[in-house]
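Reviewing the structure listed below.
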Amino acid sequence: MKIAFKTLGCRVNLYETDALASRFKEAGYDIVETSDDADVFVVNTCTVTNQSDQKCRQALHQIRRQHPNSLIVATGCMVNHRKNELLEKKTVDYAIDNERKYALFTIIDKHFKGESLDPEGLDIDLFGYQPAFDTFHTRSLIKIHDGCNNFCSYCLIPMVRGRATSRNDKDIYDNIRKVVDHGFKEVVLTGVNMGRYQYQDVNFETLIENILKIDGDFRLRISSIEPDNFSEKFLHLFENDKLAPHMHICLQSGAENTLKAMRRHYTAADFRQMCERIKTVIPDFNITTDLIVGFPGETEEDFLESAEMCRTIGFSHIHTFKYSIRNGTKAATMANQVPEKIKTERSAVIRQISAENKKRYFGQMLGKEQKMLIERINSDGIALGYGENYIPMQLKGKNLEKNTFVNVTIDSIINKGDNSETRVIQQDKEQKKYF
């Protein structure tokens with residue numbers, strides 16, 4: 001049996017796809033590309049914006065058109081939001097919500113054995129995934145949290161992912177030990193709002209502290225996280241070589257009026273102060289972010305305030321979204337919706353700021369050492385990967401191997417617009433010489 005996976009959206013979806021694909025491979029299924037013929041196609045969907053819905057629909061319709069006899073399964077957030085639409089239009093054979101996504105293997109396997117299994121009758125389990133050993137990524141994603149209680153005025157996530165739930169910390173430690181023993185060199189923690197992790201008496205700070213005590217040659221990376229009042233103790237955890245000095249902290253807007261309308265739980269001043277504290281502890285710390293432009297009521301002054309904050313903080317990458325109306329949210333009914341043309345213009349401004357920030361940040365890292373994880377080696381023999389500060393790197397050298405750490409020094413910047421990379425030179429650890 002051949003099965004293909006397509007994943008849209010966040011790292012939580014990526015984690016879940018990796019775990020599911022690993023389970024199918026363990027059972028003897030062949031994992032193939034979505035461009036190939038397959039018996040089963042699984043699309044793990046996203047619904048964070050209208051564009052996300054559109055991409056999911058296009059992917060599902062294209063698969064149905066090109067592979068009319070294959071079993072097509074949709075899962076993920078769009079299913080939670082638009083399950084009836086998908087089933088009524090016969091776009092998919094199964095629509096499995098987030099709460100029962102863990103059982104995807106059982107549902108599909110029973111289908112091909114001629115047994116009927118109604119997903120609605122299954123138990124709810126947000127963390128019922130086995131450790132992913134055969135994944136689509138060099139890094140191992142570990143889900144620690146799901147759901148959200150914030151109810152920002154623009155966001156559907158509490159409706160499609162449910163209320164905040166934290167995973168048993170003992171299961172997290174066990175999961176990490178297993179993937180490290182299996183050979184993964186980087187562990188990436190992910191969750192919908194993982195900074196609010198709280199399982200019994202273990203909070204996010206304690207969880208990180210305990211993970212750093214796990215034996216093994218690996219580094220730990222924190223992925224997308226909401227801005228919280230990170231304690232001094234938490235910030236000093238980044239002095240541990242195992243914890244990568246990079247966080248993607250979601251700003252969404254740098255204008256006080258807009259943040260208030262978004263119902264975010266911090267002010268722009270709070271966010272700026274938090275970034276200053278981080279940089280005080282670790283000057284080269286890499287901060288990336290998300291930003292929404294064109295939120296209802298965002299004036300030109302609000303936008304300029306937001307843009308200036310992006311320049312001042314110096315995010316090395318800004319994932320820019322044009323505000324998208326999501327029916328069922330408070331923002332969908334707000335007055336003063338911003339015209340699409342203005343959203344597009346503001347997006348272009350932020351993307352330019354992002355490119356300038358990235359070049360500036362890479363420039364300040366020239367001549368500095370990094371521990372590069374080689375993720376792949378291209379046809380020219382050039383190794384590609386990331387340093388601990390999440391800087392993309394190219395390295396040409398001898399005896400390079402995928403999924404290994406190499407001590408390097410950043411030598412130059414390869415300009416590729418918003419996708420710039422750094423060229424590095426490998427350093428002989430014993431002789432401290434370059435070759």
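Following the order of the structure tokens, first chain is A, next is B, and so on, with residues numbered from 1 inside each chain and ligands from 1 in the order they appear.
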Per residue of region 237-295 of chain A within 9 Å of region 299-307 of chain A, which atom pair is closest and at what distance in Å (one decimal), using only C-alpha atoms, listed by chain and increasing number, as a tab-separated table?
residue	atom	partner	partner_atom	distance
A:Ser253	CA	A:Ser306	CA	5.7
A:Gly254	CA	A:Ser306	CA	3.8
A:Ala255	CA	A:Ser306	CA	5.1
A:Glu256	CA	A:Asp302	CA	7.9
A:Asn257	CA	A:Asp302	CA	7.3
A:Thr258	CA	A:Asp302	CA	7.1
A:Ala268	CA	A:Ser306	CA	8.8
A:Leu291	CA	A:Ser306	CA	8.8
A:Val293	CA	A:Phe303	CA	7.4
A:Gly294	CA	A:Phe303	CA	8.1
Just to be explicit: take each residue in the selection above, keep N, CA and C atoms, and write the result as a PDB file, in the first residue's frame.
ATOM      1  N   SER A 253       1.106  42.872  16.193  1.00  0.00           N
ATOM      2  CA  SER A 253       1.062  44.304  15.875  1.00  0.00           C
ATOM      3  C   SER A 253       1.952  45.054  16.858  1.00  0.00           C
ATOM      4  N   GLY A 254       2.549  46.151  16.366  1.00  0.00           N
ATOM      5  CA  GLY A 254       3.359  46.985  17.246  1.00  0.00           C
ATOM      6  C   GLY A 254       2.642  48.244  17.656  1.00  0.00           C
ATOM      7  N   ALA A 255       1.335  48.328  17.358  1.00  0.00           N
ATOM      8  CA  ALA A 255       0.545  49.517  17.695  1.00  0.00           C
ATOM      9  C   ALA A 255      -0.356  49.210  18.885  1.00  0.00           C
ATOM     10  N   GLU A 256      -0.317  50.064  19.882  1.00  0.00           N
ATOM     11  CA  GLU A 256      -1.094  49.823  21.101  1.00  0.00           C
ATOM     12  C   GLU A 256      -2.592  49.713  20.816  1.00  0.00           C
ATOM     13  N   ASN A 257      -3.133  50.596  19.971  1.00  0.00           N
ATOM     14  CA  ASN A 257      -4.562  50.556  19.665  1.00  0.00           C
ATOM     15  C   ASN A 257      -4.963  49.245  19.002  1.00  0.00           C
ATOM     16  N   THR A 258      -4.107  48.777  18.087  1.00  0.00           N
ATOM     17  CA  THR A 258      -4.425  47.546  17.356  1.00  0.00           C
ATOM     18  C   THR A 258      -4.340  46.339  18.272  1.00  0.00           C
ATOM     19  N   ALA A 268       2.473  46.888  23.424  1.00  0.00           N
ATOM     20  CA  ALA A 268       3.691  47.003  22.614  1.00  0.00           C
ATOM     21  C   ALA A 268       4.883  47.334  23.505  1.00  0.00           C
ATOM     22  N   LEU A 291       3.418  38.957  12.148  1.00  0.00           N
ATOM     23  CA  LEU A 291       2.791  40.271  12.166  1.00  0.00           C
ATOM     24  C   LEU A 291       1.577  40.268  11.240  1.00  0.00           C
ATOM     25  N   VAL A 293      -1.055  42.617   9.175  1.00  0.00           N
ATOM     26  CA  VAL A 293      -1.272  43.975   8.666  1.00  0.00           C
ATOM     27  C   VAL A 293      -2.716  44.098   8.191  1.00  0.00           C
ATOM     28  N   GLY A 294      -3.253  45.319   8.284  1.00  0.00           N
ATOM     29  CA  GLY A 294      -4.607  45.554   7.795  1.00  0.00           C
ATOM     30  C   GLY A 294      -5.696  45.059   8.716  1.00  0.00           C
TER      31      GLY A 294
END
Open item on the list: Need the shell around region 176-183 of chain A: protein/DNA/RNA residues with any atom at most 12 Å away, counting only C-alpha atoms. Skip same-chain ones fewer than 2 positions apart. Format as a PyMOL selection string?
Closed with: chain A and resi 19+130-135+138-144+169-174+185-189+208+210-220+402-405
Open item on the list: Nearest residue to Leu259 (chain A) out of A:Phe184, A:Phe204, A:Tyr197, A:Tyr154, using only C-alpha atoms?
Closed with: A:Tyr154
Open item on the list: as a ChimeraX atom specification, please: every residue in region 199-279 of chain A that a backbone DSSP assignment puts in alpha helix (DSSP H).
Closed with: /A:204-211,232-236,256-262,268-279
Emit the selected residues as an mmCIF file, in the first residue's frame, including N, CA and C atoms.
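So the final result, stored in part25.cif, reads:
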data_model
loop_
_atom_site.group_PDB
_atom_site.id
_atom_site.type_symbol
_atom_site.label_atom_id
_atom_site.label_comp_id
_atom_site.auth_asym_id
_atom_site.auth_seq_id
_atom_site.Cartn_x
_atom_site.Cartn_y
_atom_site.Cartn_z
ATOM 1 N N PHE A 204 6.196 25.691 32.170
ATOM 2 C CA PHE A 204 7.052 25.680 30.981
ATOM 3 C C PHE A 204 8.525 25.820 31.348
ATOM 4 N N GLU A 205 8.813 26.710 32.259
ATOM 5 C CA GLU A 205 10.202 26.931 32.686
ATOM 6 C C GLU A 205 10.807 25.662 33.280
ATOM 7 N N THR A 206 10.061 24.996 34.153
ATOM 8 C CA THR A 206 10.545 23.758 34.781
ATOM 9 C C THR A 206 10.688 22.651 33.754
ATOM 10 N N LEU A 207 9.756 22.602 32.808
ATOM 11 C CA LEU A 207 9.831 21.596 31.746
ATOM 12 C C LEU A 207 11.133 21.737 30.964
ATOM 13 N N ILE A 208 11.456 22.958 30.553
ATOM 14 C CA ILE A 208 12.701 23.201 29.803
ATOM 15 C C ILE A 208 13.908 22.810 30.643
ATOM 16 N N GLU A 209 13.903 23.208 31.889
ATOM 17 C CA GLU A 209 15.015 22.905 32.788
ATOM 18 C C GLU A 209 15.221 21.395 32.890
ATOM 19 N N ASN A 210 14.151 20.633 32.993
ATOM 20 C CA ASN A 210 14.253 19.180 33.103
ATOM 21 C C ASN A 210 14.708 18.538 31.794
ATOM 22 N N ILE A 211 14.237 19.063 30.659
ATOM 23 C CA ILE A 211 14.655 18.515 29.362
ATOM 24 C C ILE A 211 16.158 18.696 29.165
ATOM 25 N N GLU A 232 13.664 35.830 34.778
ATOM 26 C CA GLU A 232 15.120 35.890 34.627
ATOM 27 C C GLU A 232 15.711 34.482 34.619
ATOM 28 N N LYS A 233 15.153 33.596 35.444
ATOM 29 C CA LYS A 233 15.642 32.216 35.482
ATOM 30 C C LYS A 233 15.461 31.550 34.134
ATOM 31 N N PHE A 234 14.295 31.762 33.504
ATOM 32 C CA PHE A 234 14.048 31.175 32.189
ATOM 33 C C PHE A 234 15.050 31.693 31.166
ATOM 34 N N LEU A 235 15.280 33.010 31.148
ATOM 35 C CA LEU A 235 16.205 33.582 30.170
ATOM 36 C C LEU A 235 17.617 33.053 30.367
ATOM 37 N N HIS A 236 18.012 32.830 31.614
ATOM 38 C CA HIS A 236 19.365 32.329 31.863
ATOM 39 C C HIS A 236 19.512 30.846 31.502
ATOM 40 N N GLU A 256 -0.317 50.064 19.882
ATOM 41 C CA GLU A 256 -1.094 49.823 21.101
ATOM 42 C C GLU A 256 -2.592 49.713 20.816
ATOM 43 N N ASN A 257 -3.133 50.596 19.971
ATOM 44 C CA ASN A 257 -4.562 50.556 19.665
ATOM 45 C C ASN A 257 -4.963 49.245 19.002
ATOM 46 N N THR A 258 -4.107 48.777 18.087
ATOM 47 C CA THR A 258 -4.425 47.546 17.356
ATOM 48 C C THR A 258 -4.340 46.339 18.272
ATOM 49 N N LEU A 259 -3.327 46.291 19.115
ATOM 50 C CA LEU A 259 -3.192 45.172 20.055
ATOM 51 C C LEU A 259 -4.414 45.083 20.970
ATOM 52 N N LYS A 260 -4.900 46.231 21.397
ATOM 53 C CA LYS A 260 -6.079 46.252 22.260
ATOM 54 C C LYS A 260 -7.299 45.721 21.515
ATOM 55 N N ALA A 261 -7.462 46.131 20.248
ATOM 56 C CA ALA A 261 -8.591 45.648 19.445
ATOM 57 C C ALA A 261 -8.471 44.160 19.143
ATOM 58 N N MET A 262 -7.235 43.677 19.049
ATOM 59 C CA MET A 262 -6.997 42.248 18.823
ATOM 60 C C MET A 262 -7.259 41.404 20.070
ATOM 61 N N ALA A 268 2.473 46.888 23.424
ATOM 62 C CA ALA A 268 3.691 47.003 22.614
ATOM 63 C C ALA A 268 4.883 47.334 23.505
ATOM 64 N N ALA A 269 4.654 48.158 24.523
ATOM 65 C CA ALA A 269 5.720 48.507 25.460
ATOM 66 C C ALA A 269 6.204 47.273 26.212
ATOM 67 N N ASP A 270 5.274 46.414 26.617
ATOM 68 C CA ASP A 270 5.648 45.160 27.292
ATOM 69 C C ASP A 270 6.534 44.307 26.382
ATOM 70 N N PHE A 271 6.120 44.200 25.124
ATOM 71 C CA PHE A 271 6.854 43.364 24.176
ATOM 72 C C PHE A 271 8.262 43.904 23.958
ATOM 73 N N ARG A 272 8.350 45.208 23.782
ATOM 74 C CA ARG A 272 9.668 45.829 23.552
ATOM 75 C C ARG A 272 10.591 45.606 24.754
ATOM 76 N N GLN A 273 10.047 45.772 25.951
ATOM 77 C CA GLN A 273 10.842 45.572 27.161
ATOM 78 C C GLN A 273 11.299 44.126 27.288
ATOM 79 N N MET A 274 10.424 43.184 26.932
ATOM 80 C CA MET A 274 10.780 41.773 26.985
ATOM 81 C C MET A 274 11.956 41.472 26.050
ATOM 82 N N CYS A 275 11.914 42.018 24.830
ATOM 83 C CA CYS A 275 13.002 41.786 23.872
ATOM 84 C C CYS A 275 14.307 42.397 24.360
ATOM 85 N N GLU A 276 14.221 43.561 24.978
ATOM 86 C CA GLU A 276 15.427 44.191 25.529
ATOM 87 C C GLU A 276 16.045 43.332 26.626
ATOM 88 N N ARG A 277 15.200 42.737 27.471
ATOM 89 C CA ARG A 277 15.696 41.855 28.530
ATOM 90 C C ARG A 277 16.392 40.636 27.951
ATOM 91 N N ILE A 278 15.808 40.069 26.899
ATOM 92 C CA ILE A 278 16.416 38.898 26.260
ATOM 93 C C ILE A 278 17.792 39.251 25.705
ATOM 94 N N LYS A 279 17.874 40.381 24.996
ATOM 95 C CA LYS A 279 19.135 40.784 24.373
ATOM 96 C C LYS A 279 20.187 41.164 25.417
#
- [ ] Please provide as a PyMOL selection string all residues within 10 Å of Arg161 (chain A), with the sequence filter that same-chain residues fewer than 5 positions apart are discarded (counting only C-alpha atoms).
- [x] chain A and resi 76-77+80-81+97-99+126+146-148+156+192
Task: Gap from CA of Arg221 (chain A) to CA of Ala244 (chain A) - Å, one decimal - done: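 Separating CA of Arg221 (chain A) from CA of Ala244 (chain A) is a distance of 5.2 Å.
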